[in-house]
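Everything below belongs to structure_27.pdb, which stores PDB, C-alpha atoms and all ligand atoms.
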```
ATOM      1  CA  MET A   1      41.126 -99.802  79.060
ATOM      2  CA  GLU A   2      41.003 -96.625  81.095
ATOM      3  CA  TYR A   3      38.192 -96.022  83.500
ATOM      4  CA  ASP A   4      36.593 -92.891  84.840
ATOM      5  CA  ARG A   5      33.758 -91.953  87.145
ATOM      6  CA  CYS A   6      30.529 -90.403  85.892
ATOM      7  CA  LYS A   7      30.136 -86.982  87.491
ATOM      8  CA  ASN A   8      26.383 -87.413  87.623
ATOM      9  CA  CYS A   9      25.945 -90.856  89.184
ATOM     10  CA  ASP A  10      29.501 -91.880  90.135
ATOM     11  CA  GLY A  11      29.156 -95.040  88.046
ATOM     12  CA  GLU A  12      32.246 -96.533  86.450
ATOM     13  CA  VAL A  13      32.635 -95.662  82.764
ATOM     14  CA  THR A  14      35.317 -96.193  80.170
ATOM     15  CA  ALA A  15      37.338 -93.006  79.661
ATOM     16  CA  ASP A  16      36.324 -92.661  76.007
ATOM     17  CA  SER A  17      32.550 -93.077  76.585
ATOM     18  CA  ASP A  18      30.197 -90.659  74.845
ATOM     19  CA  PHE A  19      27.616 -91.082  77.571
ATOM     20  CA  CYS A  20      27.164 -92.789  80.914
ATOM     21  CA  PRO A  21      25.558 -96.255  80.501
ATOM     22  CA  HIS A  22      24.374 -96.129  84.131
ATOM     23  CA  CYS A  23      22.429 -92.868  84.133
ATOM     24  CA  GLY A  24      22.318 -91.770  80.470
ATOM     25  CA  VAL A  25      24.072 -88.442  80.936
ATOM     26  CA  LEU A  26      26.026 -87.167  77.920
ATOM     27  CA  PHE A  27      29.779 -86.651  78.144
ATOM     28  CA  LYS A  28      30.244 -85.589  74.548
ATOM     29  CA  GLY A  29      28.127 -83.518  72.207
ATOM     30  CA  ILE A  30      26.445 -81.572  75.005
ATOM     31  CA  GLY A  31      24.602 -78.675  73.417
ATOM     32  CA  THR A  32      25.187 -79.940  69.858
ATOM     33  CA  LEU A  33      23.914 -83.517  69.681
ATOM     34  CA  ARG A  34      20.295 -83.694  68.487
ATOM     35  CA  CYS A  35      17.353 -85.763  69.654
ATOM     36  CA  ASP A  36      16.814 -88.932  67.542
ATOM     37  CA  THR A  37      13.144 -88.002  67.131
ATOM     38  CA  HIS A  38      13.330 -84.203  66.907
ATOM     39  CA  ALA A  39      16.143 -83.060  64.633
ATOM     40  CA  GLN A  40      15.660 -79.482  65.864
ATOM     41  CA  ARG A  41      16.088 -80.194  69.534
ATOM     42  CA  ILE A  42      19.225 -80.466  71.566
ATOM     43  CA  SER A  43      19.509 -83.843  73.255
ATOM     44  CA  ALA A  44      19.123 -84.160  76.993
ATOM     45  CA  GLY A  45      20.680 -87.581  77.337
ATOM     46  CA  VAL A  46      20.595 -91.215  76.271
ATOM     47  CA  CYS A  47      18.007 -93.817  77.260
ATOM     48  CA  VAL A  48      19.927 -96.331  79.380
ATOM     49  CA  ILE A  49      17.778 -99.175  78.044
ATOM     50  CA  CYS A  50      17.798 -98.652  74.250
ATOM     51  CA  ARG A  51      20.588 -96.028  73.904
ATOM     52  CA  LYS A  52      18.318 -93.703  71.951
ATOM     53  CA  VAL A  53      19.357 -90.044  72.055
ATOM     54  CA  VAL A  54      16.465 -88.117  73.561
ATOM     55  CA  CYS A  55      15.482 -84.509  74.197
ATOM     56  CA  ILE A  56      13.721 -83.353  77.353
ATOM     57  CA  GLU A  57      10.328 -83.959  75.767
ATOM     58  CA  CYS A  58      11.223 -87.519  74.689
ATOM     59  CA  SER A  59      12.634 -88.588  77.998
ATOM     60  CA  LYS A  60      11.960 -88.971  81.648
ATOM     61  CA  VAL A  61      14.528 -88.932  84.402
ATOM     62  CA  VAL A  62      13.667 -91.613  86.938
ATOM     63  CA  HIS A  63      15.847 -91.767  90.038
ATOM     64  CA  GLY A  64      18.573 -89.863  88.214
ATOM     65  CA  ARG A  65      18.464 -92.091  85.139
ATOM     66  CA  THR A  66      17.437 -90.988  81.659
ATOM     67  CA  LEU A  67      14.810 -93.181  80.009
ATOM     68  CA  CYS A  68      12.946 -92.741  76.726
ATOM     69  CA  LEU A  69       9.149 -92.656  76.779
ATOM     70  CA  ASP A  70       8.981 -96.314  75.684
ATOM     71  CA  HIS A  71      11.089 -97.415  78.631
ATOM     72  CA  LYS A  72      10.234 -94.949  81.370
ATOM     73  CA  LYS A  73       8.016 -97.457  83.184
ATOM     74  CA  ILE A  74      10.625-100.190  83.496
ATOM     75  CA  GLU A  75      11.432-100.903  87.113
ATOM     76  CA  ILE A  76      15.123-100.387  87.746
ATOM     77  CA  GLN A  77      17.068-101.166  90.881
ATOM     78  CA  GLN A  78      20.709-100.140  90.915
ATOM     79  CA  ASP A  79      22.002-101.386  87.546
ATOM     80  CA  TRP A  80      19.310-104.038  87.166
ATOM     81  CA  ALA A  81      16.114-103.855  85.124
ATOM     82  CA  LEU A  82      12.988-105.870  85.837
ATOM     83  CA  ALA A  83      12.554-108.311  82.937
ATOM     84  CA  PHE A  84       9.765-110.470  84.334
ATOM     85  CA  GLN A  85       7.516-110.710  87.357
ATOM     86  CA  SER A  86       4.715-112.983  88.395
ATOM     87  CA  THR A  87       2.855-113.861  91.544
ATOM     88  CA  GLU A  88       3.131-117.440  90.289
ATOM     89  CA  ILE A  89       6.649-118.220  91.431
ATOM     90  CA  GLY A  90       6.663-121.231  89.104
ATOM     91  CA  ASP A  91       6.477-118.895  86.115
ATOM     92  CA  SER A  92       9.271-116.737  87.472
ATOM     93  CA  GLU A  93      11.385-119.818  88.192
ATOM     94  CA  LEU A  94      10.939-120.957  84.596
ATOM     95  CA  VAL A  95      11.828-117.551  83.165
ATOM     96  CA  LYS A  96      14.882-117.422  85.401
ATOM     97  CA  ALA A  97      15.966-120.872  84.182
ATOM     98  CA  VAL A  98      15.386-119.911  80.535
ATOM     99  CA  LEU A  99      17.424-116.707  80.873
ATOM    100  CA  GLU A 100      20.190-118.465  82.787
ATOM    101  CA  SER A 101      20.474-121.152  80.126
ATOM    102  CA  GLU A 102      20.900-118.345  77.562
ATOM    103  CA  GLY A 103      23.771-116.907  79.598
ATOM    104  CA  PHE A 104      22.050-113.889  81.124
ATOM    105  CA  HIS A 105      22.990-112.569  84.517
ATOM    106  CA  ILE A 106      20.088-112.728  86.924
ATOM    107  CA  GLN A 107      19.006-111.182  90.206
ATOM    108  CA  VAL A 108      15.782-112.293  91.817
ATOM    109  CA  GLN A 109      13.498-110.866  94.451
ATOM    110  CA  ASN A 110      10.804-112.517  96.568
ATOM    111  CA  PHE A 111      11.881-115.966  95.500
ATOM    112  CA  ASN A 112      12.423-117.419  98.949
ATOM    113  CA  SER A 113       8.804-117.745  99.903
ATOM    114  CA  VAL A 114       7.790-119.831 102.862
ATOM    115  CA  GLY A 115       6.097-123.052 101.912
ATOM    116  CA  PHE A 116       7.130-123.107  98.312
ATOM    117  CA  VAL A 117       8.187-126.515  97.144
ATOM    118  CA  TRP A 118      10.272-126.659  94.034
ATOM    119  CA  ASP A 119      10.379-130.193  92.717
ATOM    120  CA  GLY A 120      13.155-129.384  90.267
ATOM    121  CA  GLY A 121      11.350-131.146  87.475
ATOM    122  CA  GLY A 122       9.646-128.088  86.108
ATOM    123  CA  ASP A 123       6.357-129.845  85.536
ATOM    124  CA  SER A 124       4.112-128.725  88.328
ATOM    125  CA  PRO A 125       5.696-126.427  90.862
ATOM    126  CA  ILE A 126       3.232-125.757  93.630
ATOM    127  CA  SER A 127       1.588-122.454  92.998
ATOM    128  CA  ARG A 128       1.772-119.738  95.586
ATOM    129  CA  SER A 129      -0.777-117.514  93.920
ATOM    130  CA  ASN A 130      -2.249-116.700  97.311
ATOM    131  CA  ILE A 131       0.890-114.742  98.112
ATOM    132  CA  SER A 132       0.498-111.398  96.428
ATOM    133  CA  LYS A 133       4.136-110.333  96.254
ATOM    134  CA  PRO A 134       5.379-110.959  92.736
ATOM    135  CA  ALA A 135       8.573-112.930  92.248
ATOM    136  CA  LYS A 136      10.794-110.636  90.204
ATOM    137  CA  VAL A 137      13.536-111.475  87.743
ATOM    138  CA  PHE A 138      16.081-108.721  87.076
ATOM    139  CA  VAL A 139      18.761-108.583  84.383
ATOM    140  CA  PRO A 140      21.580-106.052  83.936
ATOM    141  CA  ILE A 141      20.340-102.911  82.145
ATOM    142  CA  PRO A 142      22.448-103.540  78.994
ATOM    143  CA  GLU A 143      20.979-107.058  78.687
ATOM    144  CA  TYR A 144      17.369-105.960  79.155
ATOM    145  CA  LEU A 145      16.145-105.725  75.544
ATOM    146  CA  GLU A 146      17.709-109.060  74.628
ATOM    147  CA  ALA A 147      16.244-110.712  77.714
ATOM    148  CA  ILE A 148      12.768-109.449  76.808
ATOM    149  CA  ASP A 149      13.145-111.002  73.333
ATOM    150  CA  VAL A 150      14.193-114.319  74.829
ATOM    151  CA  ILE A 151      11.219-114.304  77.210
ATOM    152  CA  GLU A 152       8.868-113.487  74.338
ATOM    153  CA  ASP A 153      10.240-116.325  72.203
ATOM    154  CA  TRP A 154       9.948-118.686  75.132
ATOM    155  CA  ASN A 155       6.374-117.549  75.745
ATOM    156  CA  THR A 156       5.454-118.103  72.103
ATOM    157  CA  SER A 157       6.929-121.608  72.004
ATOM    158  CA  LYS A 158       5.259-122.403  75.316
ATOM    159  CA  THR A 159       1.873-121.293  74.017
ATOM    160  CA  THR A 160       2.348-123.343  70.839
ATOM    161  CA  GLU A 161       3.244-126.416  72.882
ATOM    162  CA  GLU A 162       0.210-125.994  75.083
ATOM    163  CA  ALA A 163      -2.026-125.665  72.043
ATOM    164  CA  GLU A 164      -0.705-128.954  70.690
ATOM    165  CA  HIS A 165      -1.688-130.881  73.819
TER     166      HIS A 165
HETATM  167 ZN    ZN A 201      26.195 -91.664  85.201
HETATM  168 ZN    ZN A 202      14.584 -96.454  75.515
HETATM  169 ZN    ZN A 203      12.813 -85.430  71.186
END
```
Let me see whether you can do it: turn the structure in this file into structure tokens.
Ligand SMILES: [Zn+2]
Ligand SMILES: [Zn+2]
Ligand SMILES: [Zn+2]
Amino acid sequence: MEYDRCKNCDGEVTADSDFCPHCGVLFKGIGTLRCDTHAQRISAGVCVICRKVVCIECSKVVHGRTLCLDHKKIEIQQDWALAFQSTEIGDSELVKAVLESEGFHIQVQNFNSVGFVWDGGGDSPISRSNISKPAKVFVPIPEYLEAIDVIEDWNTSKTTEEAEH
């Protein structure tokens, strides 16, 4: 596989890429490729989250990255997208464990709080709700949509379990 550098963001891309997966800039079809929503409009780029081809009206560039209107609010740091956050670190710890067991790559933020005791059992981690900084779980941008599905499934099964008690 041959690699190249994106001229827009300097991210590493395969030489035959049609667009940059890091920033959403088009390499091919510039000026001819159409927006997925507006067949009349020339595309401005590709949403880095869902890979939808978007025109200027259907997209927002956030920190140099193209995002569609559905995904423009997702917090992104470097090549990582925020999949889950909670001021209850126990919740974030559980989501992290769920995603890890499904083979996702994880980065976390604000996890090393002072005074937090993790008993490892998963039953009743001591809440740190008085600390307002949310514990954040990030996944690589290409894994984001799948990670969100996994979290949703986990949430649903959790809610069902709780209802049965
Ligand atoms: Zn790029
Ligand atoms: Zn999108
Ligand atoms: Zn459009």
Once the PyMOL selection byres (((chain A and resi 25) around 8) and not hetatm) has been applied to the shown file, what residues remain in the selection, as a short mmCIF file (atom, residue, chain, number, x, y, z; two decimals) with C-alpha atoms, in the frame of the given file?
```cif
data_model
loop_
_atom_site.label_atom_id
_atom_site.label_comp_id
_atom_site.auth_asym_id
_atom_site.auth_seq_id
_atom_site.Cartn_x
_atom_site.Cartn_y
_atom_site.Cartn_z
CA ASN A 8 26.38 -87.41 87.62
CA PHE A 19 27.62 -91.08 77.57
CA CYS A 20 27.16 -92.79 80.91
CA PRO A 21 25.56 -96.26 80.50
CA CYS A 23 22.43 -92.87 84.13
CA GLY A 24 22.32 -91.77 80.47
CA LEU A 26 26.03 -87.17 77.92
CA PHE A 27 29.78 -86.65 78.14
CA ALA A 44 19.12 -84.16 76.99
CA GLY A 45 20.68 -87.58 77.34
CA VAL A 46 20.60 -91.22 76.27
CA ARG A 65 18.46 -92.09 85.14
CA THR A 66 17.44 -90.99 81.66
#
```
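The space between atom CA of A:Lys133 and atom CA of A:Glu146 spans 25.6 Å.
Non-sequential neighbours of stretch 156-162 of chain A (distance at most 12 Å, separation of 3 or more positions within a chain, only C-alpha atoms) are A:Asp91, A:Leu94, A:Val95, A:Val98, A:Asp149, A:Val150, A:Ile151, A:Glu152, A:Asp153, A:His165.
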Review point. Between A:Ala39, A:Val139, A:Ala147, A:Val61, which has the minimum distance to ligand ZN 203 (chain A) (counting all atoms listed in the file)?
Key: A:Ala39
Practice item. Using only C-alpha atoms, find the one residue out of A:Asp36, A:Phe138, A:Lys7, A:Gly31 that sits nearest to A:Gln78. Key: A:Phe138
